[in-house]
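run26.cif (mmCIF, C-alpha atoms) appears below.
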```
data_data
#
loop_
_atom_site.label_atom_id
_atom_site.label_comp_id
_atom_site.auth_asym_id
_atom_site.auth_seq_id
_atom_site.Cartn_x
_atom_site.Cartn_y
_atom_site.Cartn_z
CA MET E 1 -8.09 2.36 -13.92
CA PHE E 2 -5.26 2.04 -11.41
CA LYS E 3 -3.81 -1.39 -10.74
CA ALA E 4 -0.97 -2.66 -8.57
CA VAL E 5 0.66 -6.10 -8.55
CA VAL E 6 3.33 -7.61 -6.33
CA GLY E 7 6.05 -10.21 -6.74
CA HIS E 8 8.24 -11.55 -3.93
CA SER E 9 11.02 -14.14 -3.82
CA ASN E 10 13.37 -15.34 -1.09
CA ASP E 11 15.54 -17.38 -3.48
CA PRO E 12 19.16 -16.57 -2.53
CA ASP E 13 20.27 -16.59 -6.19
CA SER E 14 19.79 -13.11 -7.68
CA LEU E 15 18.85 -14.24 -11.19
CA SER E 16 16.44 -16.93 -9.99
CA ALA E 17 14.87 -14.52 -7.51
CA VAL E 18 14.25 -11.72 -9.98
CA GLU E 19 12.94 -14.15 -12.61
CA GLU E 20 10.45 -15.50 -10.08
CA VAL E 21 9.36 -11.98 -9.11
CA ILE E 22 8.93 -10.92 -12.74
CA GLN E 23 6.86 -14.00 -13.59
CA GLN E 24 4.61 -13.41 -10.58
CA CYS E 25 4.05 -9.82 -11.65
CA ILE E 26 3.36 -10.74 -15.29
CA SER E 27 0.78 -13.28 -14.13
CA PHE E 28 -1.00 -10.74 -11.91
CA LEU E 29 -0.83 -8.03 -14.60
CA ALA E 30 -2.87 -10.21 -16.95
CA GLY E 31 -1.80 -8.24 -20.00
CA ASP E 32 -1.70 -4.76 -18.46
CA ILE E 33 1.48 -2.74 -19.06
CA PRO E 34 3.11 -1.30 -15.92
CA LYS E 35 4.34 2.27 -16.07
CA ALA E 36 6.16 2.45 -12.72
CA GLY E 37 7.42 0.33 -9.87
CA ILE E 38 9.23 0.24 -6.55
CA ILE E 39 11.59 -2.56 -5.49
CA PHE E 40 12.90 -3.43 -2.03
CA ALA E 41 15.87 -5.80 -1.72
CA ALA E 42 18.18 -7.28 0.88
CA ILE E 43 21.74 -5.97 0.83
CA ASP E 44 23.60 -9.06 -0.48
CA PHE E 45 21.88 -9.49 -3.86
CA GLU E 46 23.40 -8.56 -7.23
CA HIS E 47 21.30 -5.43 -7.51
CA SER E 48 22.53 -4.31 -10.92
CA LEU E 49 21.54 -7.67 -12.42
CA ILE E 50 18.11 -7.47 -10.79
CA LEU E 51 17.41 -3.99 -12.15
CA GLN E 52 18.59 -4.94 -15.63
CA GLN E 53 16.25 -7.93 -15.68
CA ILE E 54 13.27 -5.86 -14.55
CA TYR E 55 13.99 -3.18 -17.13
CA GLN E 56 14.34 -5.82 -19.83
CA ALA E 57 10.97 -7.32 -18.90
CA PHE E 58 9.26 -3.92 -18.65
CA PRO E 59 11.12 -1.49 -20.96
CA GLY E 60 10.91 2.18 -20.03
CA ILE E 61 9.43 1.55 -16.60
CA GLU E 62 9.81 4.36 -14.03
CA LEU E 63 11.57 2.37 -11.31
CA ILE E 64 12.97 3.29 -7.90
CA GLY E 65 13.81 1.41 -4.70
CA GLY E 66 16.70 0.36 -2.56
CA THR E 67 18.13 -1.92 0.09
CA THR E 68 16.34 -2.70 3.32
CA ASP E 69 16.45 -4.27 6.77
CA GLY E 70 13.64 -6.71 5.98
CA GLU E 71 10.94 -6.99 3.34
CA ILE E 72 7.13 -7.30 3.50
CA SER E 73 4.56 -8.33 0.90
CA SER E 74 1.18 -9.93 0.43
CA VAL E 75 2.97 -12.81 -1.35
CA LEU E 76 5.52 -13.99 1.23
CA GLU E 77 4.63 -11.71 4.18
CA PHE E 78 7.76 -10.88 6.28
CA GLN E 79 11.20 -11.92 5.02
CA GLN E 80 14.78 -10.82 5.75
CA ASP E 81 16.75 -11.97 2.68
CA SER E 82 14.45 -11.38 -0.26
CA ILE E 83 13.37 -9.03 -3.03
CA THR E 84 9.86 -7.69 -3.49
CA LEU E 85 8.55 -5.59 -6.38
CA MET E 86 5.31 -3.61 -6.70
CA LEU E 87 4.30 -2.48 -10.19
CA PHE E 88 1.69 0.16 -11.06
CA SER E 89 -0.35 0.36 -14.26
CA SER E 90 -2.93 3.05 -15.00
CA ASP E 91 -4.50 5.11 -17.75
CA GLU E 92 -5.60 7.83 -15.30
CA VAL E 93 -2.61 8.27 -12.97
CA GLU E 94 0.77 9.67 -14.03
CA ILE E 95 3.80 8.23 -12.20
CA TYR E 96 7.30 9.50 -12.92
CA ALA E 97 10.69 8.95 -11.30
CA GLY E 98 13.55 11.30 -10.51
CA VAL E 99 16.81 11.07 -8.60
CA GLY E 100 19.09 13.47 -6.76
CA ARG E 101 22.75 12.56 -6.41
CA LYS E 102 25.46 13.36 -3.83
CA VAL E 103 22.82 14.33 -1.29
CA SER E 104 25.38 14.60 1.53
CA ASP E 105 27.11 17.46 -0.33
CA ASP E 106 23.94 19.53 -0.66
CA PRO E 107 20.55 18.05 0.34
CA ILE E 108 18.64 21.07 -1.00
CA THR E 109 20.19 20.84 -4.48
CA ALA E 110 19.95 17.04 -4.67
CA THR E 111 16.29 16.87 -3.66
CA LYS E 112 15.41 19.72 -6.01
CA GLN E 113 17.14 17.82 -8.82
CA ALA E 114 15.05 14.70 -8.11
CA ILE E 115 11.74 16.58 -8.00
CA GLU E 116 12.44 18.66 -11.11
CA GLN E 117 13.46 15.59 -13.10
CA ALA E 118 10.18 13.81 -12.31
CA LYS E 119 7.99 16.91 -12.73
CA ALA E 120 9.49 17.62 -16.17
CA LYS E 121 7.91 14.40 -17.48
CA SER E 122 4.44 15.08 -16.07
CA THR E 123 1.51 17.09 -17.39
CA ALA E 124 -0.17 17.55 -14.00
CA ALA E 125 0.74 18.82 -10.54
CA PRO E 126 2.00 16.11 -8.14
CA LYS E 127 -0.43 14.72 -5.57
CA LEU E 128 2.02 12.63 -3.55
CA CYS E 129 5.67 11.60 -3.46
CA LEU E 130 7.25 8.23 -2.66
CA THR E 131 10.93 8.11 -1.72
CA HIS E 132 13.59 5.59 -0.64
CA PRO E 133 16.62 7.77 0.13
CA GLU E 134 20.09 7.37 1.61
CA SER E 135 20.25 6.93 5.39
CA LEU E 136 23.92 6.88 6.45
CA THR E 137 25.71 9.72 4.64
CA THR E 138 23.46 12.56 5.76
CA SER E 139 20.48 13.45 7.94
CA GLY E 140 17.12 12.04 6.99
CA VAL E 141 15.53 15.23 8.28
CA SER E 142 17.65 17.34 5.91
CA ILE E 143 16.59 15.14 2.98
CA LEU E 144 12.94 15.50 3.95
CA ASN E 145 13.27 19.27 4.37
CA GLY E 146 14.77 19.50 0.88
CA LEU E 147 11.93 17.48 -0.62
CA LYS E 148 9.35 19.65 1.15
CA LEU E 149 11.05 22.79 -0.10
CA ALA E 150 11.09 21.49 -3.70
CA LEU E 151 7.52 20.15 -3.64
CA GLY E 152 5.80 22.69 -1.42
CA GLN E 153 4.35 21.95 1.98
CA ASP E 154 0.99 20.72 0.63
CA VAL E 155 2.32 17.63 -1.20
CA PRO E 156 2.61 14.71 1.25
CA ILE E 157 5.74 12.55 1.15
CA PHE E 158 5.89 8.88 2.10
CA GLY E 159 8.63 6.29 2.35
CA GLY E 160 11.55 5.10 4.37
CA LEU E 161 15.33 5.38 4.43
CA ALA E 162 17.41 2.62 2.87
CA GLY E 163 18.93 -0.06 5.12
CA ASP E 164 21.72 -2.64 5.08
CA GLN E 165 20.55 -5.28 7.59
CA SER E 166 21.83 -3.32 10.58
CA ARG E 167 25.46 -3.26 9.43
CA TYR E 168 25.40 0.56 9.16
CA GLN E 169 28.16 0.53 6.54
CA ASN E 170 26.64 1.28 3.13
CA THR E 171 23.14 1.39 1.68
CA TYR E 172 22.03 1.39 -1.94
CA GLN E 173 19.29 3.25 -3.76
CA PHE E 174 17.86 2.24 -7.14
CA PHE E 175 16.88 4.46 -10.07
CA GLN E 176 15.89 2.79 -13.34
CA THR E 177 18.88 0.44 -13.93
CA GLU E 178 21.34 2.33 -11.69
CA VAL E 179 22.57 1.19 -8.29
CA LEU E 180 23.50 4.30 -6.31
CA SER E 181 24.60 5.47 -2.88
CA ASP E 182 24.21 8.92 -1.32
CA SER E 183 21.14 9.56 -3.47
CA VAL E 184 17.42 10.37 -3.28
CA PRO E 185 15.18 8.47 -5.74
CA ILE E 186 11.54 9.56 -5.86
CA LEU E 187 8.26 8.69 -7.58
CA LEU E 188 5.70 11.46 -8.15
CA PHE E 189 2.02 10.52 -8.53
CA SER E 190 -0.41 12.90 -10.23
CA GLY E 191 -3.81 12.72 -11.89
CA ALA E 192 -6.72 10.67 -10.53
CA ILE E 193 -4.77 9.08 -7.67
CA LEU E 194 -6.66 8.53 -4.43
CA PHE E 195 -4.80 7.78 -1.21
CA SER E 196 -4.97 7.73 2.55
CA HIS E 197 -2.49 6.98 5.28
CA ALA E 198 -1.97 6.60 9.01
CA VAL E 199 0.97 6.30 11.40
CA ALA E 200 1.25 4.61 14.79
CA SER E 201 4.14 3.58 17.00
CA GLY E 202 2.71 2.02 20.16
CA TRP E 203 4.96 4.15 22.39
CA HIS E 204 3.27 6.15 25.12
CA PRO E 205 4.78 9.32 26.65
CA ILE E 206 5.32 9.09 30.41
CA GLY E 207 6.51 11.51 33.08
CA GLN E 208 6.55 15.27 32.80
CA ARG E 209 7.04 17.24 29.62
CA SER E 210 10.45 18.87 29.26
CA LYS E 211 12.19 21.18 26.80
CA VAL E 212 15.26 20.68 24.61
CA THR E 213 17.69 23.45 25.59
CA LYS E 214 20.87 22.43 23.73
CA VAL E 215 21.05 20.28 20.61
CA ASP E 216 23.18 19.94 17.48
CA LYS E 217 21.07 18.17 14.85
CA ASN E 218 20.76 14.61 16.22
CA ILE E 219 23.06 15.06 19.24
CA LEU E 220 21.07 16.13 22.28
CA TYR E 221 23.18 17.83 24.97
CA GLU E 222 20.73 19.39 27.42
CA ILE E 223 17.12 18.99 28.51
CA ASP E 224 15.71 21.69 30.81
CA GLY E 225 19.23 23.10 31.11
CA LYS E 226 20.70 19.84 32.43
CA PRO E 227 22.70 17.07 30.69
CA ALA E 228 20.48 14.86 28.55
CA LEU E 229 21.89 11.77 30.26
CA ASP E 230 20.63 13.07 33.62
CA PHE E 231 17.13 13.20 32.15
CA TYR E 232 17.33 9.54 31.14
CA HIS E 233 18.91 8.47 34.43
CA TYR E 234 16.05 10.14 36.31
CA TYR E 235 13.60 7.75 34.66
CA LEU E 236 15.74 4.68 33.99
CA GLY E 237 18.19 4.70 36.88
CA LEU E 238 21.47 3.14 35.80
CA LEU E 239 20.06 1.79 32.52
CA PRO E 240 21.63 3.50 29.48
CA PRO E 241 19.49 5.24 26.84
CA SER E 242 18.08 2.65 24.44
CA MET E 243 15.59 2.29 21.62
CA GLU E 244 13.15 0.67 24.09
CA TYR E 245 12.74 4.14 25.66
CA PRO E 246 12.72 6.70 22.83
CA LEU E 247 11.72 10.33 23.07
CA ALA E 248 8.30 11.59 22.04
CA VAL E 249 8.90 14.92 20.29
CA PHE E 250 5.79 17.09 20.14
CA ASP E 251 4.87 19.19 17.14
CA GLN E 252 4.19 22.91 17.36
CA ASN E 253 0.59 22.53 18.51
CA GLY E 254 1.71 20.28 21.36
CA GLU E 255 -0.83 17.55 20.61
CA ASN E 256 0.81 15.15 18.15
CA PHE E 257 4.29 13.71 18.50
CA TYR E 258 6.86 11.76 16.50
CA ILE E 259 9.47 9.37 17.89
CA ARG E 260 13.24 9.77 18.17
CA ALA E 261 15.27 6.67 19.04
CA PRO E 262 18.63 6.85 20.90
CA ILE E 263 21.58 5.10 19.26
CA GLY E 264 24.45 6.09 21.58
CA TYR E 265 25.62 8.40 24.34
CA ASN E 266 28.71 10.18 25.66
CA GLN E 267 29.32 9.87 29.38
CA GLU E 268 31.73 12.82 29.51
CA SER E 269 29.54 15.37 27.75
CA GLY E 270 26.27 13.90 29.01
CA SER E 271 24.95 13.92 25.44
CA ILE E 272 22.77 11.37 23.63
CA THR E 273 22.85 10.67 19.89
CA PHE E 274 19.56 9.89 18.13
CA PHE E 275 18.56 8.37 14.77
CA GLY E 276 17.05 11.69 13.66
CA ASP E 277 17.47 15.42 14.23
CA ILE E 278 15.62 17.04 17.14
CA PRO E 279 14.55 20.71 16.97
CA ASP E 280 15.94 23.19 19.48
CA GLN E 281 13.36 24.15 22.14
CA ALA E 282 11.21 21.14 21.25
CA VAL E 283 8.90 19.79 23.94
CA ILE E 284 9.70 16.15 24.70
CA GLN E 285 8.78 13.24 26.95
CA ILE E 286 10.38 9.87 27.50
CA SER E 287 8.15 7.05 26.24
CA GLU E 288 7.65 3.34 26.77
CA ALA E 289 5.84 0.44 25.09
CA ALA E 290 5.14 -3.24 25.68
CA TYR E 291 5.39 -5.84 22.91
CA GLU E 292 1.61 -5.91 22.55
CA ASP E 293 1.50 -2.11 22.25
CA ILE E 294 4.01 -2.21 19.37
CA LEU E 295 2.08 -4.95 17.57
CA ALA E 296 -1.24 -3.23 18.16
CA ALA E 297 0.18 -0.12 16.48
CA SER E 298 0.61 -1.85 13.10
CA LYS E 299 -3.05 -2.88 13.18
CA ALA E 300 -4.13 0.60 14.26
CA SER E 301 -2.07 2.22 11.51
CA PHE E 302 -3.66 0.00 8.85
CA MET E 303 -7.22 0.30 10.17
CA ASN E 304 -6.99 4.09 10.47
CA ALA E 305 -5.66 4.36 6.91
CA LEU E 306 -8.47 2.10 5.69
CA ASP E 307 -11.06 4.18 7.54
CA ASN E 308 -9.60 7.36 6.02
CA TYR E 309 -9.78 6.00 2.46
CA SER E 310 -12.59 7.77 0.61
CA GLY E 311 -12.77 5.45 -2.41
CA THR E 312 -14.84 2.30 -2.78
CA GLU E 313 -12.04 -0.25 -3.11
CA PRO E 314 -8.29 0.40 -2.68
CA SER E 315 -5.80 -0.94 -5.23
CA ALA E 316 -2.67 -1.33 -3.10
CA VAL E 317 -1.07 -0.74 0.27
CA LEU E 318 2.52 0.16 1.12
CA PHE E 319 4.04 -0.37 4.57
CA PHE E 320 7.10 1.35 6.05
CA SER E 321 8.22 0.05 9.43
CA CYS E 322 11.34 0.68 11.49
CA VAL E 323 14.36 -1.54 12.01
CA ALA E 324 14.12 -0.79 15.75
CA ARG E 325 10.61 -2.28 15.82
CA ARG E 326 11.91 -5.41 14.08
CA GLN E 327 14.84 -5.71 16.50
CA ILE E 328 12.66 -5.27 19.57
CA LEU E 329 9.97 -7.67 18.32
CA GLY E 330 12.49 -10.32 17.24
CA THR E 331 10.70 -13.43 15.97
CA ARG E 332 7.35 -11.68 16.45
CA ALA E 333 8.13 -9.10 13.74
CA GLN E 334 6.16 -11.19 11.25
CA GLU E 335 3.01 -10.38 13.24
CA GLU E 336 3.14 -6.74 12.09
CA TYR E 337 1.98 -7.59 8.58
CA GLN E 338 -0.18 -10.49 9.77
CA ASN E 339 -2.11 -8.09 12.00
CA THR E 340 -3.00 -5.96 8.98
CA LYS E 341 -3.93 -8.98 6.86
CA LEU E 342 -6.45 -10.10 9.48
CA CYS E 343 -8.35 -6.85 8.97
CA LEU E 344 -9.12 -7.64 5.31
CA THR E 345 -11.96 -9.71 3.90
CA GLY E 346 -10.27 -10.03 0.48
CA TYR E 347 -6.87 -9.72 -1.16
CA LEU E 348 -5.07 -6.37 -1.28
CA PRO E 349 -1.65 -6.20 -2.97
CA ALA E 350 0.84 -5.16 -0.28
CA CYS E 351 4.52 -4.27 -0.31
CA GLY E 352 6.89 -2.70 2.18
CA PHE E 353 10.12 -2.87 4.13
CA TYR E 354 11.93 -2.18 7.40
CA SER E 355 13.78 1.12 7.22
CA TYR E 356 16.28 3.36 9.02
CA GLY E 357 13.63 6.08 9.42
CA GLU E 358 10.07 6.50 8.19
CA ILE E 359 8.52 9.43 6.30
CA ALA E 360 4.85 10.45 6.47
CA PRO E 361 2.56 13.19 7.82
CA ILE E 362 1.30 12.44 11.33
CA GLU E 363 -2.27 13.25 10.27
CA GLN E 364 -4.05 13.55 6.92
CA SER E 365 -3.68 17.31 6.60
CA SER E 366 -0.47 17.91 8.57
CA GLN E 367 3.06 18.46 7.27
CA THR E 368 5.24 15.48 6.52
CA GLN E 369 7.52 14.39 9.38
CA PHE E 370 10.52 12.13 9.80
CA HIS E 371 9.86 9.27 12.25
CA ASN E 372 11.68 6.55 14.15
CA GLU E 373 10.15 3.33 15.52
CA THR E 374 6.89 3.98 13.65
CA PHE E 375 4.63 1.91 11.40
CA VAL E 376 3.37 3.84 8.34
CA THR E 377 0.49 2.64 6.15
CA LEU E 378 -0.17 4.19 2.72
CA ILE E 379 -3.25 3.04 0.79
CA LEU E 380 -3.49 3.79 -2.93
CA GLY E 381 -6.36 3.71 -5.40
CA ASN E 382 -8.13 5.95 -7.88
CA ARG E 383 -11.41 7.77 -8.27
#
```
Please render this file's structure as structure tokens.
Amino acid sequence: MFKAVVGHSNDPDSLSAVEEVIQQCISFLAGDIPKAGIIFAAIDFEHSLILQQIYQAFPGIELIGGTTDGEISSVLEFQQDSITLMLFSSDEVEIYAGVGRKVSDDPITATKQAIEQAKAKSTAAPKLCLTHPESLTTSGVSILNGLKLALGQDVPIFGGLAGDQSRYQNTYQFFQTEVLSDSVPILLFSGAILFSHAVASGWHPIGQRSKVTKVDKNILYEIDGKPALDFYHYYLGLLPPSMEYPLAVFDQNGENFYIRAPIGYNQESGSITFFGDIPDQAVIQISEAAYEDILAASKASFMNALDNYSGTEPSAVLFFSCVARRQILGTRAQEEYQNTKLCLTGYLPACGFYSYGEIAPIEQSSQTQFHNETFVTLILGNR
């Protein structure tokens, strides 16, 4: 048995909100005891109080989570000032939490600490990892690389970076009853867990393929030996680089790509700063998307994940979408979840959030990548 339940409240009072969420979860649990959970919360709540209340209601629960740029669930759909909690109960699936601290000092050591802490509690090898790490103090790519090094390349990693409602000042991560910053909380799933996933962005590469010839992590200086700004001006004229025209960065086989969104530029150096690191010598293209393309991607992501699911009936679905998608879609952001809901004939517990970077493999058997402007679907169940 593997069961997931969801609670969601948009009550602005922290105590009232968490009490409502807990009561919803208890009702859906129908006597089952949860062993783990993941909570997504807006930045202005009293997070310590919320975690204490959850831990009091479910003693010993393996709990992680963090702050967001918008929350999603099957209870209240899309919200921007709310808390949503998904709880897992199972007698066949092991789920354990770990946390790495001061990740900006040493991402490799911090991520190893998180993985080792969770693995020490388990009796089986991990099948998948969920994470909700820091986004502002260090590179999301460096965090992911550390997790991959600690887990091995064959264990897929899913999640999204913590947000703070586009203030870009300070994000929080949750581990058990602790409210942290500059940390990497993780959940490891092992045992009879069954899962599938899919990613889609809606952006389409246009123009000719080019090569990154000078880059320092997320600051791109030259493309094809010329200033990166010249590359953008060639396609956009006088328009500055923007998240409406991100780069498609192709993987080593040159077929699949992930998205990198611009966040600023320097006129003097001709450089462009992106939300995520870009590899040196990477093959890239500028990309574009219409509103309908972006919305169609959330449906495609969900349907592809559902098609890839090999079990008879999934138990839960998690969504990780990008703050840039929410900003571009504006009032239509609520349609992202609604598009997935329309594909179902029954009820499927759902939970998710808008992040500062998404984490998932591009395909079922490929290595985990760090994404921007992408909609990730993760479906969970058991054999």
Taking 5 positions as the minimum chain separation for residues in the same chain, which residues sit within 12 Å of Ala30 (chain E) when counting all atoms listed in the file? Answer as a PyMOL selection string. chain E and resi 3-5+23-25+89
Selection result of the PyMOL selection byres ((chain E and resi 124-139) around 9) on this file, as a VMD selection string: chain E and resid 64 to 67 94 103 to 105 107 119 122 to 123 140 to 144 151 154 to 163 168 to 174 181 to 195 217 to 218 275 to 277 355 to 357 359
Those same residues, written as a PDB file, keeping the file's coordinate frame with C-alpha atoms?
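Result file follows (selection.pdb):
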```
ATOM      1  CA  ILE E  64      12.970   3.290  -7.900  1.00  0.00           C
ATOM      2  CA  GLY E  65      13.810   1.410  -4.700  1.00  0.00           C
ATOM      3  CA  GLY E  66      16.700   0.360  -2.560  1.00  0.00           C
ATOM      4  CA  THR E  67      18.130  -1.920   0.090  1.00  0.00           C
ATOM      5  CA  GLU E  94       0.770   9.670 -14.030  1.00  0.00           C
ATOM      6  CA  VAL E 103      22.820  14.330  -1.290  1.00  0.00           C
ATOM      7  CA  SER E 104      25.380  14.600   1.530  1.00  0.00           C
ATOM      8  CA  ASP E 105      27.110  17.460  -0.330  1.00  0.00           C
ATOM      9  CA  PRO E 107      20.550  18.050   0.340  1.00  0.00           C
ATOM     10  CA  LYS E 119       7.990  16.910 -12.730  1.00  0.00           C
ATOM     11  CA  SER E 122       4.440  15.080 -16.070  1.00  0.00           C
ATOM     12  CA  THR E 123       1.510  17.090 -17.390  1.00  0.00           C
ATOM     13  CA  GLY E 140      17.120  12.040   6.990  1.00  0.00           C
ATOM     14  CA  VAL E 141      15.530  15.230   8.280  1.00  0.00           C
ATOM     15  CA  SER E 142      17.650  17.340   5.910  1.00  0.00           C
ATOM     16  CA  ILE E 143      16.590  15.140   2.980  1.00  0.00           C
ATOM     17  CA  LEU E 144      12.940  15.500   3.950  1.00  0.00           C
ATOM     18  CA  LEU E 151       7.520  20.150  -3.640  1.00  0.00           C
ATOM     19  CA  ASP E 154       0.990  20.720   0.630  1.00  0.00           C
ATOM     20  CA  VAL E 155       2.320  17.630  -1.200  1.00  0.00           C
ATOM     21  CA  PRO E 156       2.610  14.710   1.250  1.00  0.00           C
ATOM     22  CA  ILE E 157       5.740  12.550   1.150  1.00  0.00           C
ATOM     23  CA  PHE E 158       5.890   8.880   2.100  1.00  0.00           C
ATOM     24  CA  GLY E 159       8.630   6.290   2.350  1.00  0.00           C
ATOM     25  CA  GLY E 160      11.550   5.100   4.370  1.00  0.00           C
ATOM     26  CA  LEU E 161      15.330   5.380   4.430  1.00  0.00           C
ATOM     27  CA  ALA E 162      17.410   2.620   2.870  1.00  0.00           C
ATOM     28  CA  GLY E 163      18.930  -0.060   5.120  1.00  0.00           C
ATOM     29  CA  TYR E 168      25.400   0.560   9.160  1.00  0.00           C
ATOM     30  CA  GLN E 169      28.160   0.530   6.540  1.00  0.00           C
ATOM     31  CA  ASN E 170      26.640   1.280   3.130  1.00  0.00           C
ATOM     32  CA  THR E 171      23.140   1.390   1.680  1.00  0.00           C
ATOM     33  CA  TYR E 172      22.030   1.390  -1.940  1.00  0.00           C
ATOM     34  CA  GLN E 173      19.290   3.250  -3.760  1.00  0.00           C
ATOM     35  CA  PHE E 174      17.860   2.240  -7.140  1.00  0.00           C
ATOM     36  CA  SER E 181      24.600   5.470  -2.880  1.00  0.00           C
ATOM     37  CA  ASP E 182      24.210   8.920  -1.320  1.00  0.00           C
ATOM     38  CA  SER E 183      21.140   9.560  -3.470  1.00  0.00           C
ATOM     39  CA  VAL E 184      17.420  10.370  -3.280  1.00  0.00           C
ATOM     40  CA  PRO E 185      15.180   8.470  -5.740  1.00  0.00           C
ATOM     41  CA  ILE E 186      11.540   9.560  -5.860  1.00  0.00           C
ATOM     42  CA  LEU E 187       8.260   8.690  -7.580  1.00  0.00           C
ATOM     43  CA  LEU E 188       5.700  11.460  -8.150  1.00  0.00           C
ATOM     44  CA  PHE E 189       2.020  10.520  -8.530  1.00  0.00           C
ATOM     45  CA  SER E 190      -0.410  12.900 -10.230  1.00  0.00           C
ATOM     46  CA  GLY E 191      -3.810  12.720 -11.890  1.00  0.00           C
ATOM     47  CA  ALA E 192      -6.720  10.670 -10.530  1.00  0.00           C
ATOM     48  CA  ILE E 193      -4.770   9.080  -7.670  1.00  0.00           C
ATOM     49  CA  LEU E 194      -6.660   8.530  -4.430  1.00  0.00           C
ATOM     50  CA  PHE E 195      -4.800   7.780  -1.210  1.00  0.00           C
ATOM     51  CA  LYS E 217      21.070  18.170  14.850  1.00  0.00           C
ATOM     52  CA  ASN E 218      20.760  14.610  16.220  1.00  0.00           C
ATOM     53  CA  PHE E 275      18.560   8.370  14.770  1.00  0.00           C
ATOM     54  CA  GLY E 276      17.050  11.690  13.660  1.00  0.00           C
ATOM     55  CA  ASP E 277      17.470  15.420  14.230  1.00  0.00           C
ATOM     56  CA  SER E 355      13.780   1.120   7.220  1.00  0.00           C
ATOM     57  CA  TYR E 356      16.280   3.360   9.020  1.00  0.00           C
ATOM     58  CA  GLY E 357      13.630   6.080   9.420  1.00  0.00           C
ATOM     59  CA  ILE E 359       8.520   9.430   6.300  1.00  0.00           C
TER      60      ILE E 359
END
```
Selection near region 49-54 of chain E, 7 Å with all atoms listed in the file, sequence-local residues under 4 positions removed, as a ChimeraX atom specification: /E:14-15,18,22,58,177
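When all atoms listed in the file are used to measure the gap to Thr111 (chain E), the shortest distance among E:Ala17, E:Val99, E:Val323, E:Cys351 belongs to E:Val99.
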Could you tell me, as a ChimeraX atom specification, exactly which residues end up selected when the PyMOL selection byres ((chain E and resi 352) around 10) is applied to this structure? /E:38-40,68,70-74,77-78,84-86,159-160,317-321,337,350-351,353-355,376-378
Please enumerate the residues selected by the PyMOL selection byres ((chain E and resi 61) around 8) when evaluated against the supplied file, formatted as a PyMOL selection string. chain E and resi 34-37+55+58-60+62-63+176
Tell me which of E:Asp164, E:Asp216, E:Glu288, E:Asp293 sits closest to Ser242 (chain E), counting all atoms listed in the file. E:Glu288
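Using only C-alpha atoms, the shortest contact distance between Gly207 (chain E) and any of E:Ala297, E:Ile284, E:Val93, E:Ile223 is found at E:Ile284.
Shortest atom-to-atom contact with Asn256 (chain E) among E:Ser82, E:Gln327, E:Thr312, E:Ser366: E:Ser366, counting all atoms listed in the file.
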Nearest to Cys322 (chain E) by atom-to-atom distance, counting all atoms listed in the file, from E:Val215, E:Met303, E:Val199, E:Leu239: E:Val199
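Note that the spacing between CA of Pro227 (chain E) and CA of Glu373 (chain E) amounts to 24.0 Å.
Around Leu342 (chain E), within 12 Å and counting only C-alpha atoms, the residues found are Ser74, Ser298, Lys299, Ala300, Phe302, Met303, Glu335, Glu336, Tyr337, Tyr347 and Leu348 of chain E, once anything fewer than 5 positions away on its own chain is removed.
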Write the selection just made, keeping C-alpha atoms, as a PDB file, keeping the file's coordinate frame?
```pdb
ATOM      1  CA  SER E  74       1.180  -9.930   0.430  1.00  0.00           C
ATOM      2  CA  SER E 298       0.610  -1.850  13.100  1.00  0.00           C
ATOM      3  CA  LYS E 299      -3.050  -2.880  13.180  1.00  0.00           C
ATOM      4  CA  ALA E 300      -4.130   0.600  14.260  1.00  0.00           C
ATOM      5  CA  PHE E 302      -3.660   0.000   8.850  1.00  0.00           C
ATOM      6  CA  MET E 303      -7.220   0.300  10.170  1.00  0.00           C
ATOM      7  CA  GLU E 335       3.010 -10.380  13.240  1.00  0.00           C
ATOM      8  CA  GLU E 336       3.140  -6.740  12.090  1.00  0.00           C
ATOM      9  CA  TYR E 337       1.980  -7.590   8.580  1.00  0.00           C
ATOM     10  CA  TYR E 347      -6.870  -9.720  -1.160  1.00  0.00           C
ATOM     11  CA  LEU E 348      -5.070  -6.370  -1.280  1.00  0.00           C
TER      12      LEU E 348
END
```
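Comparing the minimum interatomic distances between Arg167 (chain E) and each of E:Ile278, E:Ala261, E:Pro241, E:Asp69, counting only C-alpha atoms, we find that E:Asp69 sits nearest.
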Grab the CA of His204 (chain E) to CA of Ser287 (chain E) distance for me, in Å with one decimal place. 5.1 Å
With only C-alpha atoms counted, which protein, DNA or RNA residues have an atom no more than 6 Å from (10.0, 23.2, 24.1) in the file frame? Please answer as a PyMOL selection string. chain E and resi 211-212+281-283
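Residues within 9 Å of Ile272 (chain E), counting all atoms listed in the file and excluding same-chain residues fewer than 3 positions away, are Asn218, Ile219, Leu220, Tyr221, Ala228, Leu229, Pro241, Pro262, Ile263, Gly264, Tyr265, Asn266, Gln267 and Ser269 of chain E.
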Calculate, to one decimal in Å, the centre and edge lengths of the box along x, y and z of the file that holds all listed atoms of region 178-187 of chain E with 3 Å of margin on each side, and present them as JSON.
```
{"center_x": 16.4, "center_y": 5.8, "center_z": -6.5, "size_x": 22.3, "size_y": 15.2, "size_z": 16.4}
```
